[in-house]
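The structure appears below as structure tokens.
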Amino acid sequence: MLSLQIFPRKCQSSQRRSWNIAKWWVWTVLCCDLLAHHGTNCWTYHHSEKPMNWAKARKFCQENYTDLVAIQNKGEIEYLERTLPFSHTYYWIGIRKVGGIWTWVGTNKSLTKEAENWGDGEPNNKKSKEDCVEIYIRRTKDAGKWNDDSCYKQKRALCYTASCQPWSCGHHGECVETINNYTCNCDAGYYGPQCQFVIQCEPLEAPDLGSMDCSHPLGNFSFTSMCTFNCSMGTNLTGIEETTCGPFGNWSSQEPTCEVIQCEPLEAPDLGTMDCSHPLQNFSFTSTCIFDCSEGMELMGERKTICGSSGIWSSPSPKCQSE
């Protein structure tokens with residue numbers, strides 16, 4: 001049976017070094033209980049007493065905690081350097097070479113240049129078999145640095161228990177472990193401490209002489225909402241027919257307008273009169289004009305004409321001729 005040592009993460013910004021271990025432990029437990037009461041688990045470190053190869057070390061961590069430790073920042077390294085006991089075998093961490101690329105095994109993400117913390121001259125891949133990574137703790141040289149080593153070497157497992165849970169960011173963001181807590185890197189279109197809010201766009205209205213049909217998968221006029229516009233008969237759509245609410249609260253296009261179709265303006269015939277009605281606009285769709293001739297003159301053509309939906313009068317303008 002493996003015996004364990006547990007190293008809780010600090011739950012306050014500073015603690016007097018003069019506190020003894022018992023007082024420090026009580027404070028940590030109380031702090032973690034407080035965080036748990038508010039829905040946050042305190043991130044803790046753990047290690048095995050006995051050394052083992054890298055594969056067994058990871059299995060040990062996954063069965064008892066979350067995984068082999070993933071180093072997030074220099075503050076964690078400093079904390080581990082202060083709290084972990086010295087072990088001549090040092091400690092396995094959650095990095096190994098996958099397809100020739102150093103990878104954080106817990107997230108399956110490649111190790112970036114900015115995150116590298118190799119010791120002097122490392123990684124050197126001696127004998128082309130050093131595919132796993134250890135961290136030097138309380139070493140005279142390169143303390144807190146990494147070294148690549150054979151995965152079959154025997155070292156202590158350095159594990160962690162995560163504060164991130166599957167539901168921590170509402171399934172709409174990436175949970176990132178931080179000191180004492182976690183933060184959520186929200187997916188596009190979401191925001192809030194737990195990515196619980198959806199980005200809103202300005203509400204839209206149907207254009208005059210038109211209609212609007214919208215779908216709202218995530219809430220009225222919010223991210224992914226889509227609106228389609230149509231114009232009434234006798235009008236033309238000016239603009240884009242469809243618009244979508246984007247992840248930054250902007251519509252993909254401006255609201256269109258419905259412009260009334262125009263017919264050619266008419267004039268009264270010589271020696272005659274014209275009386276027109278314009279329900280929408282002058283000489284536009286549905287405009288109606290009636291013609292009459294002066295006494296002694298005969299109307300040649302249709303007495304009434306209407307502006308149609310295609311912008312064409314139903315009949316040409318008539319003329320007045322002598323009887």
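For the structure tokens, the naming scheme is as follows: chains receive sequential letters (A, B, ...) according to their order of presentation, residues are indexed from 1 within each chain, and ligands are indexed from 1 in presentation order.
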Test item: residues at most 9 Å from Asp149 of chain A, only C-alpha atoms, excluding those fewer than 2 positions along its chain, as a ChimeraX atom specification: /A:123-126,129-134,147,151-153
For Trp104 of chain A: contacts at 7 Å, only C-alpha atoms, fewer than 4 positions along chain excluded, given as a ChimeraX atom specification: /A:70,94-96,108-111
Prev. selection, C-alpha atoms, output as a tab-separated table (two decimals), in the first residue's frame:
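Below you can see again.tsv, which holds the result:
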chain	number	residue	atom	x	y	z
A	70	ALA	CA	0.27	20.37	-14.82
A	94	GLY	CA	2.24	15.48	-16.48
A	95	ILE	CA	4.37	16.04	-19.58
A	96	ARG	CA	5.59	13.43	-22.01
A	108	ASN	CA	-3.52	16.84	-24.69
A	109	LYS	CA	-2.13	20.28	-25.58
A	110	SER	CA	1.35	20.82	-26.92
A	111	LEU	CA	3.89	22.48	-24.64
Residue contacts of segment 255-267 of chain A (9 Å, only C-alpha atoms) excluding same-chain residues fewer than 6 positions away, as a VMD selection string: chain A and resid 204 to 210 229 to 243 273 to 274 280 to 285 287 289 307 to 313 317
Dump of N, CA and C atoms for the selected residues, as a CSV table (one decimal), in the first residue's frame:
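Saved to selection_13.csv:
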chain,number,residue,atom,x,y,z
A,204,LEU,N,-34.4,43.9,-33.1
A,204,LEU,CA,-34.8,44.4,-34.4
A,204,LEU,C,-36.3,44.5,-34.6
A,205,GLU,N,-36.7,45.3,-35.6
A,205,GLU,CA,-38.1,45.4,-35.9
A,205,GLU,C,-38.3,45.2,-37.4
A,206,ALA,N,-39.5,44.7,-37.7
A,206,ALA,CA,-39.9,44.6,-39.1
A,206,ALA,C,-39.8,45.9,-39.8
A,207,PRO,N,-39.4,46.0,-41.1
A,207,PRO,CA,-39.4,47.3,-41.8
A,207,PRO,C,-40.8,47.7,-42.1
A,208,ASP,N,-41.0,49.0,-42.3
A,208,ASP,CA,-42.3,49.5,-42.8
A,208,ASP,C,-42.6,48.8,-44.1
A,209,LEU,N,-43.8,48.4,-44.3
A,209,LEU,CA,-44.3,47.7,-45.5
A,209,LEU,C,-43.6,46.3,-45.7
A,210,GLY,N,-43.2,45.7,-44.6
A,210,GLY,CA,-42.5,44.4,-44.7
A,210,GLY,C,-42.8,43.6,-43.4
A,229,PHE,N,-36.0,39.0,-43.5
A,229,PHE,CA,-36.9,40.1,-43.8
A,229,PHE,C,-37.6,39.9,-45.2
A,230,ASN,N,-38.8,40.3,-45.3
A,230,ASN,CA,-39.6,40.2,-46.5
A,230,ASN,C,-40.3,41.5,-46.7
A,231,CYS,N,-40.6,41.9,-47.9
A,231,CYS,CA,-41.3,43.1,-48.2
A,231,CYS,C,-42.7,42.8,-48.8
A,232,SER,N,-43.6,43.7,-48.6
A,232,SER,CA,-45.0,43.5,-49.1
A,232,SER,C,-45.0,43.6,-50.7
A,233,MET,N,-46.0,43.2,-51.3
A,233,MET,CA,-46.2,43.3,-52.7
A,233,MET,C,-46.1,44.8,-53.1
A,234,GLY,N,-45.4,45.1,-54.2
A,234,GLY,CA,-45.3,46.4,-54.6
A,234,GLY,C,-44.2,47.2,-54.0
A,235,THR,N,-43.3,46.5,-53.2
A,235,THR,CA,-42.2,47.1,-52.6
A,235,THR,C,-40.9,46.3,-52.9
A,236,ASN,N,-39.8,46.9,-52.9
A,236,ASN,CA,-38.5,46.2,-53.1
A,236,ASN,C,-37.7,46.2,-51.9
A,237,LEU,N,-37.0,45.1,-51.6
A,237,LEU,CA,-36.1,45.1,-50.4
A,237,LEU,C,-34.8,45.7,-50.8
A,238,THR,N,-34.4,46.7,-50.0
A,238,THR,CA,-33.1,47.4,-50.1
A,238,THR,C,-32.2,47.0,-49.0
A,239,GLY,N,-31.2,46.3,-49.2
A,239,GLY,CA,-30.3,45.8,-48.2
A,239,GLY,C,-30.2,44.2,-48.3
A,240,ILE,N,-29.8,43.6,-47.2
A,240,ILE,CA,-29.6,42.2,-47.2
A,240,ILE,C,-30.8,41.5,-46.5
A,241,GLU,N,-31.2,40.4,-47.1
A,241,GLU,CA,-32.5,39.8,-46.6
A,241,GLU,C,-32.3,39.1,-45.3
A,242,GLU,N,-31.1,38.7,-44.9
A,242,GLU,CA,-30.9,37.9,-43.7
A,242,GLU,C,-29.8,38.5,-42.9
A,243,THR,N,-29.9,38.4,-41.5
A,243,THR,CA,-28.9,38.9,-40.6
A,243,THR,C,-28.8,38.0,-39.4
A,273,THR,N,-58.3,66.8,-68.0
A,273,THR,CA,-57.9,66.8,-66.6
A,273,THR,C,-57.4,65.4,-66.2
A,274,MET,N,-56.7,65.4,-65.0
A,274,MET,CA,-56.3,64.2,-64.4
A,274,MET,C,-56.5,64.3,-62.9
A,280,LEU,N,-49.8,55.3,-51.2
A,280,LEU,CA,-48.5,55.0,-50.6
A,280,LEU,C,-47.5,56.2,-50.8
A,281,GLN,N,-47.2,56.5,-52.1
A,281,GLN,CA,-46.4,57.6,-52.5
A,281,GLN,C,-46.8,58.1,-53.8
A,282,ASN,N,-46.4,59.3,-54.2
A,282,ASN,CA,-46.8,59.8,-55.5
A,282,ASN,C,-46.4,58.9,-56.6
A,283,PHE,N,-47.4,58.6,-57.5
A,283,PHE,CA,-47.1,57.8,-58.7
A,283,PHE,C,-46.4,56.5,-58.3
A,284,SER,N,-46.9,55.8,-57.3
A,284,SER,CA,-46.2,54.5,-56.9
A,284,SER,C,-47.3,53.4,-56.9
A,285,PHE,N,-46.9,52.2,-56.5
A,285,PHE,CA,-47.7,51.1,-56.4
A,285,PHE,C,-49.1,51.4,-55.8
A,287,SER,N,-51.2,53.6,-56.9
A,287,SER,CA,-51.7,54.9,-57.3
A,287,SER,C,-52.7,54.8,-58.4
A,289,CYS,N,-55.1,56.9,-61.3
A,289,CYS,CA,-55.4,58.2,-62.0
A,289,CYS,C,-56.6,58.1,-62.9
A,307,CYS,N,-51.1,52.0,-61.1
A,307,CYS,CA,-49.7,51.7,-61.1
A,307,CYS,C,-49.6,50.3,-60.5
A,308,GLY,N,-49.0,49.3,-61.2
A,308,GLY,CA,-48.9,47.9,-60.8
A,308,GLY,C,-47.6,47.6,-60.0
A,309,SER,N,-47.5,46.4,-59.5
A,309,SER,CA,-46.4,46.0,-58.7
A,309,SER,C,-45.1,45.9,-59.4
A,310,SER,N,-45.2,45.9,-60.8
A,310,SER,CA,-43.9,45.9,-61.6
A,310,SER,C,-43.5,47.2,-62.0
A,311,GLY,N,-44.2,48.3,-61.5
A,311,GLY,CA,-43.8,49.7,-61.9
A,311,GLY,C,-44.4,50.1,-63.3
A,312,ILE,N,-45.4,49.4,-63.8
A,312,ILE,CA,-46.0,49.7,-65.1
A,312,ILE,C,-47.4,50.1,-64.9
A,313,TRP,N,-47.9,51.1,-65.5
A,313,TRP,CA,-49.3,51.5,-65.5
A,313,TRP,C,-50.1,50.5,-66.2
A,317,SER,N,-51.4,56.7,-70.9
A,317,SER,CA,-52.2,57.9,-70.7
A,317,SER,C,-53.0,58.1,-72.0
Using only C-alpha atoms, which of A:Thr89, A:Ser215, A:Thr140, A:Thr288 sits nearest Arg156 of chain A? A:Thr89
Name the residues of segment 10-249 of chain A that fall into strand (DSSP E or B) according to DSSP on the backbone, using the chain letters and numbers of this document, as number ranges by chain. A: 44-48, 52, 67-68, 91-98, 101-104, 109-110, 118, 132-135, 146-149, 155-161, 173-178, 181-186, 190-191, 197-198, 200, 210-215, 222, 226-231, 235-238, 242-245
Set the distance at 10 Å and use only C-alpha atoms: which residues neighbour Ala55 of chain A once local chain neighbours fewer than 2 positions away are removed? I'd like the list as an MDAnalysis selection string. chainID A and resid 52:53 57:60 92 132 151:152 157
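Ranking A:Gly75, A:Pro318, A:Pro166, A:Gly106 by their shortest atom-to-atom distance to Phe291 of chain A, with only C-alpha atoms included, puts A:Pro318 first.
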Give me, please, the distance in Å between atom CA of Ile93 of chain A and atom CA of Trp167 of chain A, quoted to one decimal.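 Result for atom CA of Ile93 of chain A versus atom CA of Trp167 of chain A: 25.7 Å, one decimal.
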Could you state the separation of atom CA of Gln194 of chain A and atom CA of Cys159 of chain A in Å, given to one decimal place?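 Computing it gives 25.5 Å between the two atoms.
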How far is it from atom CA of His171 of chain A to atom CA of Cys184 of chain A, in Å with one decimal?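 Distance reported for this atom pair: 10.2 Å.
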Selected residue, from A:Ala115, A:Val98, A:Ala188, A:Ile199, that lies nearest to Phe221 of chain A when counting only C-alpha atoms: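 With only C-alpha atoms as the atom set, the closest residue is A:Ile199.
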Tell me which protein, DNA and RNA residues are within 12 Å of Lys113 of chain A, counting only C-alpha atoms, leaving out same-chain ones fewer than 4 positions away, and put them as an MDAnalysis selection string. chainID A and resid 101:103 117:118
